[in-house]
>>> print(open('run_31.cif').read())   # mmCIF, C-alpha atoms
data_my_file
#
loop_
_atom_site.group_PDB
_atom_site.id
_atom_site.type_symbol
_atom_site.label_atom_id
_atom_site.label_comp_id
_atom_site.auth_asym_id
_atom_site.auth_seq_id
_atom_site.Cartn_x
_atom_site.Cartn_y
_atom_site.Cartn_z
ATOM 1 C CA MET A 1 74.432 -24.791 -15.846
ATOM 2 C CA ALA A 2 71.709 -24.437 -18.426
ATOM 3 C CA GLN A 3 70.812 -20.786 -18.809
ATOM 4 C CA ASN A 4 68.305 -18.811 -20.839
ATOM 5 C CA SER A 5 68.674 -15.052 -20.498
ATOM 6 C CA GLN A 6 67.573 -14.250 -16.949
ATOM 7 C CA TYR A 7 66.189 -17.733 -16.349
ATOM 8 C CA ILE A 8 67.642 -21.106 -15.533
ATOM 9 C CA TYR A 9 65.610 -24.186 -16.240
ATOM 10 C CA GLY A 10 65.699 -27.851 -15.372
ATOM 11 C CA ILE A 11 65.603 -29.421 -11.933
ATOM 12 C CA ARG A 12 69.319 -30.230 -11.656
ATOM 13 C CA ALA A 13 70.341 -26.765 -12.834
ATOM 14 C CA ILE A 14 68.117 -25.121 -10.240
ATOM 15 C CA GLN A 15 69.374 -27.405 -7.480
ATOM 16 C CA GLU A 16 72.955 -26.498 -8.406
ATOM 17 C CA ALA A 17 72.031 -22.822 -8.256
ATOM 18 C CA ILE A 18 70.470 -23.309 -4.820
ATOM 19 C CA GLU A 19 73.614 -25.001 -3.555
ATOM 20 C CA ALA A 20 75.688 -22.126 -4.980
ATOM 21 C CA GLY A 21 73.688 -19.592 -2.977
ATOM 22 C CA THR A 22 72.086 -17.915 -5.990
ATOM 23 C CA ASP A 23 69.577 -15.127 -5.363
ATOM 24 C CA PHE A 24 66.231 -16.103 -6.871
ATOM 25 C CA GLN A 25 63.473 -13.743 -7.846
ATOM 26 C CA LYS A 26 61.045 -16.660 -8.064
ATOM 27 C CA ILE A 27 61.013 -20.335 -8.906
ATOM 28 C CA PHE A 28 58.119 -21.430 -11.127
ATOM 29 C CA LEU A 29 56.945 -24.990 -10.551
ATOM 30 C CA GLN A 30 54.577 -26.788 -12.881
ATOM 31 C CA LYS A 31 51.339 -27.909 -11.322
ATOM 32 C CA GLY A 32 50.787 -31.643 -11.126
ATOM 33 C CA VAL A 33 54.389 -32.867 -11.501
ATOM 34 C CA THR A 34 55.097 -35.686 -9.043
ATOM 35 C CA SER A 35 58.440 -37.196 -10.074
ATOM 36 C CA PRO A 36 60.897 -37.999 -7.240
ATOM 37 C CA LEU A 37 63.436 -35.483 -8.580
ATOM 38 C CA PHE A 38 60.769 -32.783 -8.728
ATOM 39 C CA LYS A 39 59.693 -33.612 -5.165
ATOM 40 C CA SER A 40 63.292 -33.305 -3.961
ATOM 41 C CA LEU A 41 63.479 -29.806 -5.474
ATOM 42 C CA GLU A 42 60.179 -28.912 -3.821
ATOM 43 C CA ALA A 43 61.558 -30.023 -0.466
ATOM 44 C CA GLN A 44 64.640 -27.815 -0.881
ATOM 45 C CA ILE A 45 62.506 -24.837 -1.838
ATOM 46 C CA HIS A 46 60.195 -25.254 1.140
ATOM 47 C CA THR A 47 63.032 -25.866 3.617
ATOM 48 C CA LEU A 48 64.929 -22.757 2.499
ATOM 49 C CA LYS A 49 61.719 -20.730 2.092
ATOM 50 C CA LEU A 50 62.640 -19.686 -1.425
ATOM 51 C CA PRO A 51 60.097 -17.566 -3.327
ATOM 52 C CA HIS A 52 58.052 -19.800 -5.596
ATOM 53 C CA SER A 53 54.683 -20.313 -7.200
ATOM 54 C CA TYR A 54 52.857 -23.136 -8.962
ATOM 55 C CA VAL A 55 51.844 -22.403 -12.542
ATOM 56 C CA PRO A 56 50.329 -24.314 -15.494
ATOM 57 C CA GLN A 57 52.649 -25.851 -18.069
ATOM 58 C CA GLU A 58 51.655 -23.168 -20.590
ATOM 59 C CA ARG A 59 53.274 -20.480 -18.441
ATOM 60 C CA LEU A 60 56.575 -22.347 -18.467
ATOM 61 C CA GLN A 61 56.354 -22.969 -22.197
ATOM 62 C CA ARG A 62 56.080 -19.224 -22.792
ATOM 63 C CA ILE A 63 59.429 -18.757 -21.038
ATOM 64 C CA THR A 64 61.321 -21.525 -22.831
ATOM 65 C CA GLN A 65 60.692 -24.376 -25.249
ATOM 66 C CA GLN A 66 63.618 -26.316 -23.782
ATOM 67 C CA ASN A 67 63.154 -29.365 -21.549
ATOM 68 C CA HIS A 68 62.508 -27.555 -18.261
ATOM 69 C CA GLN A 69 61.283 -30.667 -16.389
ATOM 70 C CA GLY A 70 58.528 -28.606 -14.787
ATOM 71 C CA ALA A 71 60.818 -26.056 -13.115
ATOM 72 C CA ILE A 72 62.130 -22.653 -14.196
ATOM 73 C CA ALA A 73 63.865 -20.143 -11.933
ATOM 74 C CA GLU A 74 64.158 -16.411 -12.460
ATOM 75 C CA ILE A 75 67.468 -15.256 -11.035
ATOM 76 C CA ALA A 76 68.301 -11.885 -9.538
ATOM 77 C CA GLU A 77 70.393 -9.445 -11.549
ATOM 78 C CA VAL A 78 71.036 -7.296 -8.484
ATOM 79 C CA ALA A 79 72.506 -8.927 -5.396
ATOM 80 C CA TYR A 80 70.410 -8.509 -2.274
ATOM 81 C CA ALA A 81 72.118 -7.281 0.883
ATOM 82 C CA GLU A 82 72.187 -9.371 4.036
ATOM 83 C CA PHE A 83 69.796 -8.153 6.700
ATOM 84 C CA GLU A 84 71.598 -8.011 10.043
ATOM 85 C CA PRO A 85 75.101 -7.003 8.856
ATOM 86 C CA THR A 86 73.682 -4.255 6.639
ATOM 87 C CA ILE A 87 71.362 -2.887 9.327
ATOM 88 C CA GLU A 88 74.057 -2.930 11.999
ATOM 89 C CA GLU A 89 76.497 -1.104 9.723
ATOM 90 C CA ILE A 90 73.903 1.572 8.950
ATOM 91 C CA LEU A 91 73.003 2.029 12.618
ATOM 92 C CA ALA A 92 76.671 2.310 13.585
ATOM 93 C CA LYS A 93 77.462 4.953 10.962
ATOM 94 C CA THR A 94 74.245 6.986 10.789
ATOM 95 C CA VAL A 95 72.790 9.352 13.374
ATOM 96 C CA ASN A 96 69.297 9.529 11.933
ATOM 97 C CA PRO A 97 68.757 6.583 9.552
ATOM 98 C CA LEU A 98 65.732 6.245 7.310
ATOM 99 C CA PHE A 99 64.456 2.844 6.186
ATOM 100 C CA LEU A 100 61.730 1.948 3.703
ATOM 101 C CA LEU A 101 59.697 -1.279 3.897
ATOM 102 C CA LEU A 102 57.506 -2.384 0.993
ATOM 103 C CA ASP A 103 54.650 -4.732 1.824
ATOM 104 C CA GLY A 104 53.651 -6.770 -1.206
ATOM 105 C CA LEU A 105 53.987 -4.405 -4.167
ATOM 106 C CA THR A 106 53.070 -6.294 -7.327
ATOM 107 C CA ASP A 107 53.970 -3.874 -10.114
ATOM 108 C CA VAL A 108 57.631 -3.991 -11.126
ATOM 109 C CA ARG A 109 57.579 -0.423 -12.459
ATOM 110 C CA ASN A 110 56.224 0.899 -9.183
ATOM 111 C CA PHE A 111 59.020 -1.010 -7.468
ATOM 112 C CA GLY A 112 61.629 0.518 -9.753
ATOM 113 C CA ALA A 113 60.226 4.037 -9.412
ATOM 114 C CA ILE A 114 60.234 3.722 -5.623
ATOM 115 C CA LEU A 115 63.867 2.566 -5.640
ATOM 116 C CA ARG A 116 64.787 5.630 -7.705
ATOM 117 C CA THR A 117 63.047 7.987 -5.278
ATOM 118 C CA ALA A 118 64.479 6.145 -2.274
ATOM 119 C CA SER A 119 67.994 6.587 -3.591
ATOM 120 C CA CYS A 120 67.428 10.274 -4.395
ATOM 121 C CA SER A 121 65.917 10.993 -0.971
ATOM 122 C CA GLY A 122 68.687 9.326 1.003
ATOM 123 C CA VAL A 123 66.961 6.174 2.223
ATOM 124 C CA HIS A 124 69.599 3.974 3.826
ATOM 125 C CA ALA A 125 68.023 0.610 2.942
ATOM 126 C CA VAL A 126 64.896 -0.801 1.322
ATOM 127 C CA ILE A 127 63.456 -3.967 2.873
ATOM 128 C CA VAL A 128 61.085 -6.289 1.012
ATOM 129 C CA PRO A 129 59.543 -9.733 1.678
ATOM 130 C CA LYS A 130 60.564 -12.809 -0.270
ATOM 131 C CA GLN A 131 56.997 -13.823 -1.014
ATOM 132 C CA GLY A 132 54.258 -11.736 -2.604
ATOM 133 C CA MET A 133 56.590 -9.014 -3.879
ATOM 134 C CA ALA A 134 57.265 -7.766 -7.405
ATOM 135 C CA PRO A 135 60.565 -9.164 -8.666
ATOM 136 C CA LEU A 136 63.638 -7.006 -9.034
ATOM 137 C CA ASN A 137 63.845 -7.837 -12.722
ATOM 138 C CA ARG A 138 65.048 -5.936 -15.754
ATOM 139 C CA ASP A 139 61.912 -3.784 -15.970
ATOM 140 C CA ALA A 140 62.236 -2.766 -12.311
ATOM 141 C CA ILE A 141 65.950 -2.042 -12.723
ATOM 142 C CA LYS A 142 65.345 -0.003 -15.879
ATOM 143 C CA THR A 143 62.599 2.031 -14.191
ATOM 144 C CA SER A 144 64.885 2.661 -11.239
ATOM 145 C CA ALA A 145 67.316 4.406 -13.631
ATOM 146 C CA GLY A 146 70.188 2.511 -12.044
ATOM 147 C CA ALA A 147 69.160 3.270 -8.467
ATOM 148 C CA ALA A 148 68.793 -0.465 -7.805
ATOM 149 C CA PHE A 149 72.582 -0.643 -7.881
ATOM 150 C CA THR A 150 73.126 2.288 -5.501
ATOM 151 C CA ILE A 151 71.004 1.432 -2.466
ATOM 152 C CA PRO A 152 70.984 -1.688 -0.255
ATOM 153 C CA ILE A 153 67.939 -3.822 -1.026
ATOM 154 C CA ILE A 154 67.296 -6.413 1.661
ATOM 155 C CA ARG A 155 64.961 -9.358 1.237
ATOM 156 C CA VAL A 156 63.608 -11.084 4.352
ATOM 157 C CA ASP A 157 61.390 -14.082 5.056
ATOM 158 C CA HIS A 158 58.886 -11.975 6.994
ATOM 159 C CA LEU A 159 58.591 -8.195 7.360
ATOM 160 C CA LYS A 160 57.409 -8.720 10.947
ATOM 161 C CA ASP A 161 60.841 -10.007 11.935
ATOM 162 C CA ALA A 162 62.499 -6.980 10.344
ATOM 163 C CA ILE A 163 60.146 -4.651 12.215
ATOM 164 C CA TYR A 164 60.843 -6.295 15.566
ATOM 165 C CA TYR A 165 64.582 -6.129 14.933
ATOM 166 C CA LEU A 166 64.545 -2.456 13.985
ATOM 167 C CA LYS A 167 62.201 -1.487 16.815
ATOM 168 C CA SER A 168 64.690 -3.005 19.253
ATOM 169 C CA SER A 169 67.106 -0.329 17.997
ATOM 170 C CA ASP A 170 64.572 2.455 18.664
ATOM 171 C CA ILE A 171 63.484 2.922 15.071
ATOM 172 C CA GLN A 172 59.998 4.452 14.882
ATOM 173 C CA PHE A 173 57.624 2.939 12.328
ATOM 174 C CA ILE A 174 55.228 4.994 10.255
ATOM 175 C CA ALA A 175 52.549 3.237 8.228
ATOM 176 C CA ALA A 176 51.430 5.056 5.092
ATOM 177 C CA THR A 177 47.673 4.508 4.891
ATOM 178 C CA GLU A 178 44.712 6.596 3.772
ATOM 179 C CA LYS A 179 42.793 5.192 6.752
ATOM 180 C CA ALA A 180 44.938 7.128 9.223
ATOM 181 C CA GLU A 181 43.548 10.057 11.214
ATOM 182 C CA ASN A 182 46.747 12.134 11.112
ATOM 183 C CA THR A 183 48.623 13.407 8.091
ATOM 184 C CA ILE A 184 52.281 12.813 7.344
ATOM 185 C CA TYR A 185 53.014 16.396 8.393
ATOM 186 C CA SER A 186 52.368 15.566 12.053
ATOM 187 C CA VAL A 187 55.131 12.937 12.163
ATOM 188 C CA ASP A 188 58.468 13.820 13.789
ATOM 189 C CA PHE A 189 61.160 12.656 11.395
ATOM 190 C CA LYS A 190 64.000 14.105 13.466
ATOM 191 C CA LYS A 191 64.636 10.639 14.886
ATOM 192 C CA PRO A 192 65.462 7.254 13.318
ATOM 193 C CA SER A 193 62.477 6.188 11.230
ATOM 194 C CA ALA A 194 61.081 3.518 8.952
ATOM 195 C CA ILE A 195 58.207 4.067 6.539
ATOM 196 C CA ILE A 196 56.027 1.180 5.400
ATOM 197 C CA MET A 197 54.228 1.377 2.062
ATOM 198 C CA GLY A 198 51.554 -1.181 1.201
ATOM 199 C CA SER A 199 50.508 -2.970 -1.958
ATOM 200 C CA GLU A 200 48.656 -1.256 -4.777
ATOM 201 C CA ASP A 201 45.325 -2.947 -4.069
ATOM 202 C CA VAL A 202 44.985 -3.764 -0.352
ATOM 203 C CA GLY A 203 47.601 -1.556 1.281
ATOM 204 C CA ILE A 204 49.536 -2.627 4.367
ATOM 205 C CA HIS A 205 48.646 -5.946 5.968
ATOM 206 C CA SER A 206 46.710 -5.514 9.210
ATOM 207 C CA SER A 207 49.241 -7.543 11.196
ATOM 208 C CA LEU A 208 51.952 -5.046 10.226
ATOM 209 C CA LEU A 209 49.774 -2.023 10.917
ATOM 210 C CA LYS A 210 49.454 -3.166 14.529
ATOM 211 C CA LEU A 211 53.223 -3.066 14.946
ATOM 212 C CA CYS A 212 53.627 0.521 13.743
ATOM 213 C CA ASP A 213 54.086 3.425 16.129
ATOM 214 C CA THR A 214 51.902 5.706 14.080
ATOM 215 C CA GLN A 215 49.792 5.787 10.932
ATOM 216 C CA ALA A 216 49.787 8.720 8.549
ATOM 217 C CA LYS A 217 48.056 9.780 5.351
ATOM 218 C CA LEU A 218 48.414 12.438 2.693
ATOM 219 C CA PRO A 219 45.780 15.188 2.621
ATOM 220 C CA MET A 220 43.620 14.636 -0.456
ATOM 221 C CA GLN A 221 41.438 17.080 -2.355
ATOM 222 C CA GLY A 222 39.103 16.513 -5.255
ATOM 223 C CA SER A 223 37.308 13.303 -6.158
ATOM 224 C CA ILE A 224 40.294 10.901 -6.365
ATOM 225 C CA ALA A 225 40.769 9.038 -3.096
ATOM 226 C CA SER A 226 44.385 7.946 -3.401
ATOM 227 C CA LEU A 227 47.668 8.347 -5.240
ATOM 228 C CA ASN A 228 49.729 5.779 -7.098
ATOM 229 C CA VAL A 229 51.906 4.049 -4.499
ATOM 230 C CA SER A 230 55.188 5.224 -6.034
ATOM 231 C CA VAL A 231 53.978 8.840 -6.078
ATOM 232 C CA ALA A 232 52.697 8.622 -2.502
ATOM 233 C CA CYS A 233 55.985 7.070 -1.430
ATOM 234 C CA GLY A 234 57.868 9.985 -2.960
ATOM 235 C CA VAL A 235 55.824 12.502 -0.970
ATOM 236 C CA PHE A 236 56.375 10.564 2.265
ATOM 237 C CA LEU A 237 60.114 10.238 1.705
ATOM 238 C CA TYR A 238 60.621 13.912 0.908
ATOM 239 C CA GLU A 239 58.632 14.952 3.950
ATOM 240 C CA ALA A 240 61.070 12.795 5.933
ATOM 241 C CA VAL A 241 63.952 14.632 4.233
#
>>> encode(input="run_31.cif", output="structure tokens")
Amino acid sequence: MAQNSQYIYGIRAIQEAIEAGTDFQKIFLQKGVTSPLFKSLEAQIHTLKLPHSYVPQERLQRITQQNHQGAIAEIAEVAYAEFEPTIEEILAKTVNPLFLLLDGLTDVRNFGAILRTASCSGVHAVIVPKQGMAPLNRDAIKTSAGAAFTIPIIRVDHLKDAIYYLKSSDIQFIAATEKAENTIYSVDFKKPSAIIMGSEDVGIHSSLLKLCDTQAKLPMQGSIASLNVSVACGVFLYEAV
């Protein structure tokens, strides 16, 4: 398999990786390519709902000067945990589990910092979506100070499905949002809980907010309206502790 650091490139190489069950951070597809082989790769990606985006040729050329055939894949350095087996094992072994869901974070260093805090505060699993999420790349792993290797990180097609599954096991969901009326200090964390943190710019998607049992904010003073998401996440997690 052709390989370039953390990337693999070329249509056949990526198809082989797909068949081998490789974890992908994201597959970059060149805009405007219409060859039959390229279309067959597209079909695989769409069928398996693999994370991908369409980019100009210049973006691919910055990654490698090799013959990439219009397709480069960034592969995961940390193996993701499977959703149902991991959740069921946690629920069977833990009296009061704590889960963390991240809705569309885009900054890899925020992602890494959150993983570090999650590990330190005893979070049992971190759940992220396949699409629209910062990759778990070297920068994220470095910022996590190794925590990415110590805590189960689960990637799902849709966070909604994960929420429904966990709610069926009586997990309460708390949405971290500055638009809430109540503060985090009014939440009862003496029962199984899941905290959802939103993206840096738009917060938690409205469709997910509707599924939460409660919304909570941090009390703010001064002229700054919000905290960095990784800092806010740390405050939420340690209040849960």
>>> residues_around(input="run_31.cif", residues="stretch 201-204 of chain A", least_positions_apart="6", cutoff="8 Å", atoms="all atoms listed in the file", output="number ranges by chain")
A: 103, 175-177
>>> closest_atom_pairs(input="run_31.cif", of="stretch 74-146 of chain A", to="stretch 191-198 of chain A", cutoff="12 Å", atoms="only C-alpha atoms", output="tab-separated table")
residue	atom	partner	partner_atom	distance
A:Ile90	CA	A:Pro192	CA	11.1
A:Leu91	CA	A:Pro192	CA	9.2
A:Thr94	CA	A:Pro192	CA	9.1
A:Val95	CA	A:Pro192	CA	7.6
A:Asn96	CA	A:Pro192	CA	4.7
A:Pro97	CA	A:Pro192	CA	5.0
A:Leu98	CA	A:Ser193	CA	5.1
A:Phe99	CA	A:Ala194	CA	4.4
A:Leu100	CA	A:Ile195	CA	5.0
A:Leu101	CA	A:Ile196	CA	4.7
A:Leu102	CA	A:Met197	CA	5.1
A:Asp103	CA	A:Gly198	CA	4.8
A:Gly104	CA	A:Gly198	CA	6.4
A:Leu105	CA	A:Gly198	CA	6.7
A:Thr106	CA	A:Gly198	CA	10.1
A:Asp107	CA	A:Gly198	CA	11.9
A:Asn110	CA	A:Met197	CA	11.4
A:Phe111	CA	A:Met197	CA	10.9
A:Ile114	CA	A:Met197	CA	10.0
A:Ala118	CA	A:Ile195	CA	11.0
A:Val123	CA	A:Ala194	CA	9.3
A:His124	CA	A:Ala194	CA	10.0
A:Ala125	CA	A:Ala194	CA	9.6
A:Val126	CA	A:Ala194	CA	9.6
A:Ile127	CA	A:Ile196	CA	9.4
A:Val128	CA	A:Ile196	CA	10.0
A:Pro129	CA	A:Gly198	CA	11.7
A:Gly132	CA	A:Gly198	CA	11.5
A:Met133	CA	A:Gly198	CA	10.6
>>> atom_distance(input="run_31.cif", atom1="atom CA of A:Ser169", atom2="atom CA of A:Pro135")
28.8 Å
>>> closest_atom_pairs(input="run_31.cif", of="stretch 98-205 of chain A", to="stretch 33-56 of chain A", cutoff="8 Å", atoms="all atoms listed in the file", output="Markdown table")
| residue | atom | partner | partner_atom | distance |
| --- | --- | --- | --- | --- |
| A:Lys130 | CA | A:Pro51 | CA | 5.7 |
| A:Gln131 | CA | A:Pro51 | CA | 5.4 |
| A:Asp157 | CA | A:Lys49 | CA | 7.3 |
>>> atom_distance(input="run_31.cif", atom1="atom CA of A:Leu136", atom2="atom CA of A:Ile8")
16.0 Å
>>> atom_distance(input="run_31.cif", atom1="atom CA of A:Leu115", atom2="atom CA of A:Gln172")
21.0 Å
>>> resolve_selection(input="run_31.cif", expression="the PyMOL selection byres ((chain A and resi 75) around 10)", output="list in words")
Ser5, Gln6, Tyr7, Ile8, Ile14, Ala17, Thr22, Asp23, Phe24, Gln25, Lys26, Ile27, Ile72, Ala73, Glu74, Ala76, Glu77, Val78, Ala79, Pro135, Leu136 and Asn137 of chain A
>>> closest_residue(input="run_31.cif", among="A:Phe28, A:Tyr9, A:Tyr80, A:Phe236", to="A:Ile151", atoms="all atoms listed in the file")
A:Tyr80
>>> resolve_selection(input="run_31.cif", expression="the PyMOL selection byres ((chain A and resi 60) around 9)", output="list of chain:residue names")
A:Phe28, A:Leu29, A:Gln30, A:Val55, A:Pro56, A:Gln57, A:Glu58, A:Arg59, A:Gln61, A:Arg62, A:Ile63, A:Thr64, A:Gln65, A:His68, A:Gly70, A:Ala71, A:Ile72
>>> closest_residue(input="run_31.cif", among="A:Ser230, A:Phe173, A:Arg138, A:Ile18", to="A:Glu200", atoms="all atoms listed in the file")
A:Ser230
>>> closest_residue(input="run_31.cif", among="A:Val156, A:Ala147, A:Val108, A:Ala134", to="A:Ser121", atoms="all atoms listed in the file")
A:Ala147
